[in-house]
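Asks: So here's start.txt, just compact mmCIF, C-alpha atoms and all ligand atoms:
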# COMPACT_ATOMS: atom_id res chain seq x y z
CA MET N 330 -12.32 71.52 -21.63
CA SER N 331 -13.36 70.66 -18.09
CA SER N 332 -15.30 67.41 -17.94
CA ASN N 333 -17.91 69.23 -15.79
CA VAL N 334 -19.70 70.69 -18.80
CA TYR N 335 -20.30 67.21 -20.18
CA GLU N 336 -21.41 65.89 -16.81
CA ASP N 337 -23.74 68.87 -16.36
CA ALA N 338 -25.23 68.42 -19.83
CA TRP N 339 -25.57 64.65 -19.27
CA ARG N 340 -27.32 65.25 -15.94
CA LEU N 341 -29.80 67.66 -17.51
CA VAL N 342 -30.81 65.02 -20.05
CA THR N 343 -30.95 62.10 -17.62
CA GLY N 344 -33.10 64.28 -15.36
CA SER N 345 -35.45 65.26 -18.18
CA SER N 346 -38.38 63.12 -16.96
CA THR N 347 -38.89 65.51 -14.03
CA MET N 348 -38.84 68.46 -16.43
CA TYR N 349 -41.54 66.86 -18.62
CA SER N 350 -43.81 66.04 -15.68
CA GLU N 351 -43.41 69.37 -13.86
CA GLY N 352 -43.93 71.27 -17.11
CA CYS N 353 -47.06 69.24 -17.80
CA LYS N 354 -48.52 70.17 -14.40
CA ARG N 355 -47.92 73.85 -15.16
CA GLY N 356 -49.56 73.57 -18.59
CA LEU N 357 -52.62 71.87 -17.05
CA GLU N 358 -53.01 74.78 -14.63
CA ALA N 359 -52.80 77.45 -17.35
CA LYS N 360 -55.65 79.82 -18.13
CA ILE N 361 -56.97 79.36 -21.65
CA PRO N 362 -59.38 81.49 -23.73
CA ASN N 363 -62.99 80.54 -22.95
CA TYR N 364 -64.18 79.70 -26.44
CA SER N 365 -64.03 76.39 -28.26
CA ILE N 366 -60.69 75.94 -30.00
CA GLU N 367 -60.62 73.62 -33.00
CA ARG N 368 -56.96 73.89 -33.83
CA VAL N 369 -53.67 75.07 -32.45
CA LEU N 370 -50.79 76.68 -34.30
CA VAL N 371 -47.46 76.35 -32.52
CA VAL N 372 -44.93 78.99 -33.56
CA GLY N 373 -41.26 79.13 -32.55
CA VAL N 374 -37.85 78.33 -33.98
CA GLY N 375 -34.75 76.31 -33.07
CA GLY N 376 -34.78 74.64 -29.66
CA SER N 377 -38.19 76.17 -28.97
CA GLY N 378 -39.52 75.20 -32.40
CA ILE N 379 -38.92 71.49 -31.80
CA VAL N 380 -41.49 71.66 -28.98
CA GLY N 381 -44.16 72.13 -31.65
CA ASP N 382 -42.96 69.08 -33.58
CA ILE N 383 -43.01 66.94 -30.44
CA VAL N 384 -46.51 67.91 -29.28
CA ALA N 385 -47.87 67.64 -32.84
CA ALA N 386 -46.57 64.04 -32.93
CA LEU N 387 -47.98 63.27 -29.47
CA PHE N 388 -51.38 64.78 -30.38
CA ASP N 389 -51.83 62.67 -33.50
CA GLY N 390 -55.51 62.95 -34.48
CA TYR N 391 -55.81 66.58 -33.38
CA GLU N 392 -55.18 69.68 -35.43
CA VAL N 393 -51.84 70.80 -34.09
CA LEU N 394 -49.94 72.71 -36.76
CA VAL N 395 -46.34 73.83 -36.53
CA HIS N 396 -44.95 76.94 -38.18
CA LYS N 397 -41.29 77.86 -37.80
CA SER N 398 -41.12 81.28 -39.33
CA PHE N 399 -41.77 85.01 -38.83
CA ASP N 400 -45.43 85.08 -39.86
CA ILE N 401 -48.81 83.38 -39.43
CA PRO N 402 -49.93 81.39 -42.49
CA ALA N 403 -52.83 83.10 -44.32
CA TYR N 404 -55.08 80.00 -44.03
CA ILE N 405 -55.06 80.14 -40.21
CA GLY N 406 -58.24 81.84 -39.00
CA SER N 407 -59.14 83.42 -35.69
CA ASP N 408 -60.68 80.09 -34.53
CA ALA N 409 -57.13 78.85 -33.90
CA LEU N 410 -55.14 79.37 -30.75
CA VAL N 411 -51.55 80.42 -31.37
CA VAL N 412 -49.06 78.94 -28.92
CA ALA N 413 -45.81 80.92 -29.17
CA VAL N 414 -42.79 79.10 -27.79
CA SER N 415 -39.62 81.11 -27.21
CA TYR N 416 -37.36 80.29 -24.29
CA SER N 417 -35.71 83.72 -24.24
CA GLY N 418 -38.81 85.57 -25.42
CA GLU N 419 -36.41 87.60 -27.56
CA THR N 420 -36.41 85.80 -30.89
CA ALA N 421 -37.21 88.12 -33.82
CA GLU N 422 -39.07 85.54 -35.93
CA THR N 423 -41.35 84.47 -33.07
CA LEU N 424 -42.02 88.05 -31.95
CA ARG N 425 -42.98 89.02 -35.49
CA ALA N 426 -45.31 86.03 -35.82
CA VAL N 427 -46.93 86.92 -32.48
CA SER N 428 -47.43 90.58 -33.35
CA GLN N 429 -49.02 89.49 -36.65
CA ALA N 430 -51.35 87.12 -34.77
CA LEU N 431 -52.36 89.90 -32.36
CA ASN N 432 -52.97 92.29 -35.26
CA ARG N 433 -55.25 89.67 -36.79
CA GLY N 434 -57.24 89.43 -33.54
CA MET N 435 -56.08 85.90 -32.70
CA ALA N 436 -55.73 84.48 -29.19
CA VAL N 437 -52.10 83.83 -28.27
CA VAL N 438 -50.56 82.00 -25.31
CA GLY N 439 -46.78 82.13 -24.77
CA ILE N 440 -44.37 79.63 -23.25
CA SER N 441 -41.20 81.46 -22.22
CA THR N 442 -38.95 82.77 -19.48
CA GLY N 443 -40.32 86.27 -20.27
CA GLY N 444 -38.43 88.77 -22.42
CA ARG N 445 -40.20 90.89 -25.03
CA LEU N 446 -42.70 88.09 -25.65
CA ALA N 447 -44.10 88.76 -22.16
CA LYS N 448 -44.20 92.50 -22.92
CA LEU N 449 -46.06 91.89 -26.17
CA LEU N 450 -48.58 89.44 -24.70
CA GLY N 451 -48.77 90.61 -21.08
CA GLU N 452 -47.37 88.44 -18.26
CA GLU N 453 -50.75 86.76 -17.64
CA ARG N 454 -50.76 85.23 -21.12
CA VAL N 455 -47.31 83.64 -20.74
CA ILE N 456 -46.73 80.31 -19.02
CA SER N 457 -43.31 80.72 -17.50
CA VAL N 458 -40.57 78.11 -17.52
CA SER N 459 -37.41 77.83 -15.39
CA SER N 460 -34.77 80.35 -16.37
CA GLY N 461 -30.98 79.94 -16.58
CA LEU N 462 -30.77 77.20 -19.21
CA GLU N 463 -29.80 77.17 -22.86
CA PRO N 464 -33.14 76.91 -24.73
CA ARG N 465 -32.35 73.46 -26.15
CA PHE N 466 -31.82 72.05 -22.64
CA ALA N 467 -35.22 73.39 -21.59
CA VAL N 468 -37.08 71.47 -24.32
CA PRO N 469 -38.45 68.76 -21.95
CA GLU N 470 -39.95 71.38 -19.64
CA MET N 471 -41.36 73.47 -22.51
CA THR N 472 -42.76 70.30 -24.11
CA GLY N 473 -44.37 69.31 -20.82
CA VAL N 474 -45.99 72.75 -20.55
CA ALA N 475 -47.23 72.62 -24.16
CA TYR N 476 -48.53 69.07 -23.64
CA GLY N 477 -50.46 70.02 -20.49
CA LEU N 478 -51.88 73.09 -22.22
CA LEU N 479 -53.08 71.05 -25.21
CA CYS N 480 -54.62 68.45 -22.86
CA LYS N 481 -56.67 71.23 -21.36
CA ILE N 482 -57.65 72.67 -24.73
CA PHE N 483 -58.68 69.36 -26.31
CA GLY N 484 -60.02 67.74 -23.12
CA VAL N 485 -57.40 64.97 -23.13
CA ASP N 486 -56.25 63.14 -19.99
CA ALA N 487 -52.50 63.52 -19.36
CA VAL N 488 -52.26 60.17 -17.54
CA SER N 489 -50.83 58.11 -20.40
CA PHE N 490 -48.25 60.82 -21.21
CA LEU N 491 -47.14 60.89 -17.57
CA GLU N 492 -46.84 57.09 -17.70
CA SER N 493 -44.57 57.47 -20.77
CA VAL N 494 -42.51 60.00 -18.81
CA ARG N 495 -42.09 57.44 -15.97
CA GLU N 496 -41.04 54.85 -18.56
CA LEU N 497 -38.46 57.36 -19.85
CA GLU N 498 -37.14 57.82 -16.31
CA ARG N 499 -36.61 54.05 -15.89
CA TYR N 500 -34.93 53.86 -19.31
CA LEU N 501 -32.52 56.70 -18.52
CA GLN N 502 -31.40 54.98 -15.31
CA GLY N 503 -29.84 52.24 -17.49
CA VAL N 504 -28.08 54.42 -20.09
CA LYS N 505 -24.26 54.54 -19.79
CA VAL N 506 -21.58 56.81 -21.31
CA GLU N 507 -19.96 53.72 -22.95
CA ASP N 508 -23.15 53.00 -24.92
CA PHE N 509 -22.19 55.84 -27.26
CA THR N 510 -18.48 55.10 -27.85
CA HIS N 511 -18.94 53.01 -30.99
CA ILE N 512 -21.25 55.45 -32.76
CA VAL N 513 -19.25 58.55 -31.75
CA GLU N 514 -15.96 57.11 -33.09
CA ARG N 515 -17.55 56.59 -36.49
CA LEU N 516 -19.41 59.90 -36.51
CA VAL N 517 -16.53 62.17 -35.51
CA ASN N 518 -15.12 62.57 -39.05
CA ARG N 519 -18.34 62.26 -41.01
CA VAL N 520 -21.37 64.38 -41.80
CA ALA N 521 -24.44 63.01 -40.02
CA VAL N 522 -27.59 62.21 -41.98
CA CYS N 523 -30.53 61.65 -39.60
CA ILE N 524 -33.43 59.64 -41.00
CA SER N 525 -36.81 59.07 -39.35
CA HIS N 526 -40.50 58.66 -40.00
CA GLY N 527 -43.94 59.39 -38.55
CA HIS N 528 -44.11 59.83 -34.77
CA LEU N 529 -40.29 59.64 -34.62
CA ARG N 530 -39.88 62.58 -37.01
CA PRO N 531 -39.18 64.95 -34.06
CA ALA N 532 -36.42 62.59 -32.82
CA GLY N 533 -34.64 62.88 -36.19
CA LEU N 534 -35.08 66.66 -36.24
CA ARG N 535 -33.88 66.90 -32.65
CA LEU N 536 -30.79 64.76 -33.30
CA LYS N 537 -29.85 66.92 -36.30
CA ALA N 538 -30.24 70.14 -34.29
CA GLN N 539 -28.46 68.78 -31.20
CA LEU N 540 -25.49 67.56 -33.27
CA ASN N 541 -25.32 71.05 -34.80
CA GLU N 542 -25.65 73.03 -31.56
CA ASN N 543 -24.12 70.80 -28.87
CA ALA N 544 -21.41 69.07 -30.92
CA LYS N 545 -20.89 71.86 -33.54
CA HIS N 546 -21.20 69.10 -36.12
CA PRO N 547 -22.65 69.15 -39.63
CA ALA N 548 -25.88 67.16 -39.69
CA TYR N 549 -28.87 66.99 -42.00
CA TYR N 550 -32.34 65.55 -41.69
CA VAL N 551 -34.23 63.45 -44.21
CA GLU N 552 -37.64 61.90 -43.82
CA MET N 553 -38.92 58.46 -44.78
CA PRO N 554 -40.55 57.47 -47.10
CA GLU N 555 -39.84 60.65 -49.08
CA ALA N 556 -36.11 59.81 -48.97
CA CYS N 557 -36.82 56.73 -51.13
CA HIS N 558 -37.69 59.02 -54.01
CA ASN N 559 -34.67 61.34 -54.13
CA GLU N 560 -32.18 61.12 -51.23
CA ILE N 561 -31.03 57.57 -52.03
CA GLU N 562 -29.92 58.54 -55.56
CA GLY N 563 -27.43 60.88 -53.89
CA TRP N 564 -25.92 58.07 -51.85
CA THR N 565 -22.47 58.39 -53.35
CA TYR N 566 -19.23 59.54 -51.62
CA LEU N 567 -20.50 57.28 -48.82
CA SER N 568 -17.28 57.47 -46.80
CA ASN N 569 -18.04 61.13 -45.98
CA PHE N 570 -21.38 60.41 -44.30
CA TYR N 571 -22.74 58.62 -41.26
CA TYR N 572 -26.39 57.57 -41.53
CA ILE N 573 -28.40 57.47 -38.30
CA LEU N 574 -31.81 55.84 -38.49
CA HIS N 575 -34.46 56.19 -35.79
CA ARG N 576 -36.22 52.82 -36.06
CA SER N 577 -39.61 52.19 -34.51
CA ARG N 578 -41.17 49.13 -32.87
CA PHE N 579 -44.42 50.36 -34.47
CA GLU N 580 -43.15 50.66 -38.05
CA ASP N 581 -45.62 50.33 -40.88
CA VAL N 582 -44.70 47.51 -43.30
CA VAL N 583 -43.86 49.95 -46.14
CA VAL N 584 -41.60 52.07 -43.95
CA LYS N 585 -39.94 48.93 -42.53
CA GLU N 586 -39.26 47.72 -46.07
CA ALA N 587 -37.68 51.08 -46.96
CA PHE N 588 -35.49 51.19 -43.84
CA ASP N 589 -34.43 47.54 -44.25
CA TRP N 590 -33.47 48.22 -47.86
CA ALA N 591 -31.51 51.32 -46.79
CA VAL N 592 -29.34 49.44 -44.29
CA GLU N 593 -28.77 46.51 -46.68
CA HIS N 594 -27.81 48.95 -49.42
CA LEU N 595 -25.49 51.05 -47.27
CA GLY N 596 -23.95 48.02 -45.56
CA GLY N 597 -23.31 46.32 -48.90
CA ARG N 598 -21.38 49.35 -50.18
CA GLY N 599 -19.22 50.10 -47.16
CA GLY N 600 -21.51 52.91 -45.91
CA GLU N 601 -21.48 53.50 -42.17
CA TYR N 602 -24.84 53.56 -40.41
CA PHE N 603 -26.41 53.10 -36.99
CA GLU N 604 -29.99 52.15 -36.15
CA ILE N 605 -31.37 53.60 -32.92
CA VAL N 606 -33.84 51.12 -31.45
CA VAL N 607 -35.42 51.27 -27.99
CA ASP N 608 -37.97 49.07 -26.25
CA ALA N 609 -41.14 51.00 -25.52
CA SER N 610 -44.74 50.26 -24.58
CA SER N 611 -46.19 53.10 -26.66
CA ARG N 612 -45.33 55.48 -29.46
CA ALA N 613 -45.12 58.36 -26.97
CA ALA N 614 -42.65 56.51 -24.73
CA GLU N 615 -40.61 55.53 -27.77
CA LEU N 616 -40.43 59.14 -28.94
CA LEU N 617 -39.34 60.48 -25.54
CA LYS N 618 -36.64 57.80 -25.24
CA GLN N 619 -35.34 58.37 -28.77
CA ILE N 620 -35.14 62.12 -28.11
CA ALA N 621 -33.18 61.57 -24.89
CA TYR N 622 -30.89 59.08 -26.66
CA SER N 623 -30.28 61.68 -29.40
CA ASP N 624 -29.46 64.35 -26.81
CA LEU N 625 -26.97 62.06 -25.06
CA LEU N 626 -25.39 61.11 -28.37
CA SER N 627 -24.81 64.80 -29.18
CA ILE N 628 -23.20 65.38 -25.76
CA SER N 629 -20.98 62.32 -26.25
CA LEU N 630 -19.83 63.66 -29.62
CA ALA N 631 -19.18 67.10 -28.08
CA ARG N 632 -16.99 65.41 -25.46
CA ARG N 633 -15.12 63.41 -28.10
CA LYS N 634 -14.46 66.61 -30.11
CA GLY N 635 -13.58 68.67 -27.02
CA VAL N 636 -16.26 71.29 -27.71
CA ASN N 637 -18.51 72.93 -25.15
CA PRO N 638 -22.11 71.68 -25.49
CA PHE N 639 -23.49 74.80 -23.77
CA THR N 640 -21.93 77.56 -25.83
CA LEU N 641 -22.89 78.77 -29.30
CA THR N 642 -20.70 80.58 -31.80
CA ASN N 643 -22.59 81.56 -34.92
CA ILE N 644 -26.21 81.89 -33.75
CA PRO N 645 -25.36 84.83 -31.42
CA LEU N 646 -23.57 86.58 -34.33
CA LEU N 647 -26.68 86.50 -36.51
CA ARG N 648 -29.33 87.17 -33.84
CA PRO N 649 -28.80 90.99 -33.55
CA ARG N 650 -29.18 91.39 -37.32
CA LEU N 651 -32.46 89.49 -37.31
CA ARG N 652 -33.63 91.42 -34.24
CA ARG N 653 -33.57 94.65 -36.28
CA HIS N 654 -36.59 93.21 -38.11
CA GLY N 655 -38.57 92.28 -35.02
CA PRO N 656 -41.40 94.43 -33.62
CA LYS N 657 -40.30 97.75 -32.11
CA PHE N 658 -40.56 98.29 -28.34
CA SER N 659 -40.47 101.65 -26.62
C1 LIG X 701 -30.16 77.63 -28.13
C2 LIG X 701 -31.08 77.04 -29.05
C3 LIG X 701 -31.58 77.85 -30.20
C4 LIG X 701 -32.76 78.73 -29.78
C5 LIG X 701 -33.26 79.57 -30.95
C6 LIG X 701 -34.51 80.35 -30.60
O1 LIG X 701 -30.00 76.77 -27.04
O2 LIG X 701 -31.42 75.91 -28.87
O3 LIG X 701 -31.96 76.97 -31.23
O4 LIG X 701 -33.79 77.92 -29.28
O5 LIG X 701 -32.25 80.43 -31.35
O6 LIG X 701 -34.37 81.02 -29.40
P1 LIG X 701 -35.54 80.96 -28.32
O7 LIG X 701 -35.68 79.51 -27.99
O8 LIG X 701 -35.06 81.77 -27.17
O9 LIG X 701 -36.74 81.54 -28.99
Please rewrite the model in this file as structure tokens.
Ligand code: F6R
Replies:
Amino acid sequence: MSSNVYEDAWRLVTGSSTMYSEGCKRGLEAKIPNYSIERVLVVGVGGSGIVGDIVAALFDGYEVLVHKSFDIPAYIGSDALVVAVSYSGETAETLRAVSQALNRGMAVVGISTGGRLAKLLGEERVISVSSGLEPRFAVPEMTGVAYGLLCKIFGVDAVSFLESVRELERYLQGVKVEDFTHIVERLVNRVAVCISHGHLRPAGLRLKAQLNENAKHPAYYVEMPEACHNEIEGWTYLSNFYYILHRSRFEDVVVKEAFDWAVEHLGGRGGEYFEIVVDASSRAAELLKQIAYSDLLSISLARRKGVNPFTLTNIPLLRPRLRRHGPKFS
């Protein structure tokens, strides 16, 4: 495998601060329906779906709901704005959810490069993002767009988010390939278990998905403190697993207790684990840094395994079968 693919992927992640800030500008400029919106439902799956998780975490205190499926939940009324995120605009689940929303008379805004989503909604209701990327590499730009859009909807100033993006940029200037050697050597022959909590939930979800898609590696996600009530009883066959914990500088005392117990327990039984910790001035900055760290970790593992972080094998096999169930276009 040419080393260029790893360098290209690495460069996309280390340049992600620009994608966040330019996306945010575009979202702030978007046209929104002129009625008061109390809540937002973000629909989308996979790389596009994580955008919903990230903005929901960043907009703590606002009603931002995330639904990763082919429908609109029955309890969502027409007072909600549906934000449909699909990089390709061709994903069957998202298209079905959007056509259901339109049939129910709901307002929908899309974030996409176009595709059938733009046909369904009309170009003017889609905020376009740069084309030519794999959806998962466009997450910073799509997140920026969604963030800017939600700022406009809820009347929130984007200044502190843009400050977090600048903090991310400074952080990424100091990250080196060698920082990941230790963790990758232990992870290469083990199933990854990604554990996180609260505002870092999207970082755990992102790491799981990026290990799957970029490194073609088995990875699962578990959430604290729920894991304390089931997951930990299954902590047997420890040598098969590698536990990756996204730790926060802002951890609640109960969550800290649970994480501290987890590492003592694993460490005392020969379990392999790694705690991702970053310095950050705010929860938002911490989340953006932990996401970028997770992305770089997945690229480092892809390099170690000699797999291409840009290509996919199984998702393209399944997509056409799912597409048969999407809305019909003439
Ligand atoms: C591919 C990727 C996938 C897609 C998913 C949905 O890079 O990350 O998880 O995001 O298959 O496709 P889109 O994003 O086009 O709706």
Asks: Tell me, in Å to one decimal, how far CA of Tyr572 in chain N is from CA of Ile620 in chain N.
Replies: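 Those two atoms sit 16.7 Å apart.
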Asks: Hey, which of N:His558, N:Arg633, N:Arg465, N:Arg499 ends up closest to Leu516 in chain N? Count only C-alpha atoms.
Replies: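 For Leu516 in chain N, the nearest of the candidates is N:Arg633.
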Asks: Using all atoms listed in the file, what are the residues with an atom within 9 Å of ligand LIG 701 (chain X), set out as a PyMOL selection string?
Replies: chain N and resi 373-379+414-424+441-442+462-468+538-539+542-543+639-641+644-645+648
Asks: Go through N:Ile383, N:Val371, N:Val393, N:Val506 and flag the residue nearest Ile440 in chain N, using only C-alpha atoms for the distances.
Replies: N:Val371
Asks: CA of Phe588 in chain N and CA of Val522 in chain N are how many Å apart?
Replies: 13.7 Å
Asks: Kindly give the distance, in Å, that separates CA of Phe509 in chain N and CA of Tyr622 in chain N, rounded to a single decimal.
Replies: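 Separating CA of Phe509 in chain N from CA of Tyr622 in chain N is a distance of 9.3 Å.
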Asks: Show which residues sit within 12 Å of Gly527 in chain N, as an mmCIF file with C-alpha atoms, in the coordinates of the input. Count all atoms listed in the file, and ignore same-chain residues fewer than 6 positions away.
Replies:
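Just written: part.cif:
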data_model
loop_
_atom_site.group_PDB
_atom_site.id
_atom_site.type_symbol
_atom_site.label_atom_id
_atom_site.label_comp_id
_atom_site.auth_asym_id
_atom_site.auth_seq_id
_atom_site.Cartn_x
_atom_site.Cartn_y
_atom_site.Cartn_z
ATOM 1 C CA ASP N 382 -42.960 69.080 -33.580
ATOM 2 C CA ILE N 383 -43.010 66.940 -30.440
ATOM 3 C CA ALA N 385 -47.870 67.640 -32.840
ATOM 4 C CA ALA N 386 -46.570 64.040 -32.930
ATOM 5 C CA LEU N 387 -47.980 63.270 -29.470
ATOM 6 C CA ASP N 389 -51.830 62.670 -33.500
ATOM 7 C CA GLY N 533 -34.640 62.880 -36.190
ATOM 8 C CA LEU N 534 -35.080 66.660 -36.240
ATOM 9 C CA VAL N 551 -34.230 63.450 -44.210
ATOM 10 C CA GLU N 552 -37.640 61.900 -43.820
ATOM 11 C CA MET N 553 -38.920 58.460 -44.780
ATOM 12 C CA PRO N 554 -40.550 57.470 -47.100
ATOM 13 C CA GLU N 555 -39.840 60.650 -49.080
ATOM 14 C CA HIS N 575 -34.460 56.190 -35.790
ATOM 15 C CA ARG N 576 -36.220 52.820 -36.060
ATOM 16 C CA SER N 577 -39.610 52.190 -34.510
ATOM 17 C CA PHE N 579 -44.420 50.360 -34.470
ATOM 18 C CA GLU N 580 -43.150 50.660 -38.050
ATOM 19 C CA ASP N 581 -45.620 50.330 -40.880
ATOM 20 C CA VAL N 584 -41.600 52.070 -43.950
ATOM 21 C CA LYS N 585 -39.940 48.930 -42.530
ATOM 22 C CA ARG N 612 -45.330 55.480 -29.460
ATOM 23 C CA ALA N 613 -45.120 58.360 -26.970
ATOM 24 C CA GLU N 615 -40.610 55.530 -27.770
ATOM 25 C CA LEU N 616 -40.430 59.140 -28.940
#
Asks: Considering only C-alpha atoms, can you say which of N:His528, N:His654, N:Gly635, N:Arg425 comes closest to Ser611 in chain N?
Replies: N:His528
Asks: Could you tell me which of N:Tyr571, N:Met435, N:Gln619, N:Phe603 comes closest to Arg530 in chain N if we count all atoms listed in the file?
Replies: N:Gln619
